[in-house]
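Chemist: Below is a structure I'd like to ask you about.
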Amino acid sequence: MVHGKPRHSQSQGSVERYNQDVRDMLVSWMADNKTKKWSEGLRFIQSKKNRALHTGIKVSPYEAMFGCSQKIGLGDSQLLEEDYASMTTEEELEELLSAPNTEDQSADNSTEDNTNDCEKDVIDNKCHICGIEADVEDLCITTDENELNGKKLCKVCFRKIVNTRGAAARGLKRQAEKMLAHSNEKLRPVPVGSNVVLGVPDVDRSRVAARNVLAVVEAVTPDGLHRLGTKDGTLHRQYARNEFTPADSRFITAQDVPPTTLTLRKASALNSGSTQGFVFCNCAQYCKTNKCKCRTKNVDCNSKCHSNSSCKTKFSD
């Protein structure tokens, strides 16, 4: 799971890149199978992504989770090649797979009265991965229902899974440290008290608001996030290093920041010298009643409002 904030490329970029890979693989799968039912190809795409080599952990995600390679096709099954080499239909394979189960069921029914509980335990004491029978004291039962669903594993396979997951975690940590070092080399640290230029996203900016907000760094958290303050107050959320640019001059100090909190959208509107913000009305005429949004907010109608020349609150050129 990746926990991040909107428009934060350091956390959301990897997720969006993964989604792009899945989309491209789905497009190729639909083209190869000549179908538009993309949901039917999700299981094949999921299997292909889980068994692909991950450069950070040096193994596939499936092997990092379960300690063994993913089994694909009849070649990885317990069936002999001469048994399924001449098969041409799926029904023949189903008959082959159901035949041993029928024999075992009839054999169990005939010897059910003569089989005690101990013998049943010996039959069920098989490793979920390697399939080798073992004594009860040599088996480990997993407790995480989200991973192996309480399956029985022999100690060899259990230790292999633990070692593989440990190596995968260390590989991801090394990869994260490498990415952080590259980011720190590209984006130099900004000390407390420095002036920065913070860009305002289009979704947070009105048509007359400024594209950038001048701020000062008030504090830096151990996680590398910066608390920024403007001449109108402290911004309510913290920002990463790649979201702003250091300013060439010093226009504002930490003492100039009032003890209030505001959003970036409001700071952008106040920085532009306009209090109109995102308010506009669609009145039919005059704008003389309190139904007019502009009149209620005590602002003049702007270019986003109606084009009625008889408006009583329209600004004068």
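Following the order of the structure tokens, chains are lettered A, B, ..., residues in each are numbered from 1, and ligands are numbered from 1.
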Write out as CSV a residue-level contact list of region 156-244 of chain A versus region 48-64 of chain A with cut-off 10 Å: for each qualifying residue the closest pair of atoms and the distance in Å to one decimal, counting only C-alpha atoms, rows sorted by chain and residue number upward.

Modeler:
```
residue,atom,partner,partner_atom,distance
A:Lys160,CA,A:Ala64,CA,9.8
A:Ile161,CA,A:Ala64,CA,7.3
A:Val162,CA,A:Ala64,CA,9.1
A:Asn163,CA,A:Ala64,CA,9.1
A:Thr164,CA,A:Ala64,CA,5.6
A:Arg165,CA,A:Ala64,CA,5.3
A:Gly166,CA,A:Ala64,CA,8.7
A:Ala167,CA,A:Ile57,CA,7.0
A:Ala168,CA,A:Ile57,CA,4.4
A:Ala169,CA,A:Ile57,CA,7.2
A:Arg170,CA,A:Ile57,CA,7.6
A:Gly171,CA,A:Ile57,CA,4.5
A:Leu172,CA,A:Gly56,CA,5.4
A:Lys173,CA,A:Gly56,CA,8.6
A:Arg174,CA,A:Gly56,CA,7.7
A:Gln175,CA,A:Gly56,CA,5.8
A:Ala176,CA,A:Gly56,CA,8.9
```

Chemist: Let me make sure I understand: among A:Glu16, A:Ser98, A:Ala269, A:Val192, which one has the smallest atom-to-atom distance to Arg205 (chain A) if we use only C-alpha atoms?

Modeler: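 With only C-alpha atoms as the atom set, the closest residue is A:Ala269.
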
Chemist: Quote the spacing between CA of Cys68 (chain A) and CA of Glu90 (chain A) in Å to one decimal place.

Modeler: 27.3 Å

Chemist: In Å to one decimal, how far is CA of Val196 (chain A) from CA of Leu214 (chain A)?

Modeler: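 Calculated distance between CA of Leu214 (chain A) and CA of Val196 (chain A) is 6.1 Å.
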
Chemist: Expressed in Å to a single decimal, how great is the separation between CA of Asn271 (chain A) and CA of Ala215 (chain A)?

Modeler: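 Taking CA of Asn271 (chain A) as the start and CA of Ala215 (chain A) as the end point, the length is 10.8 Å.
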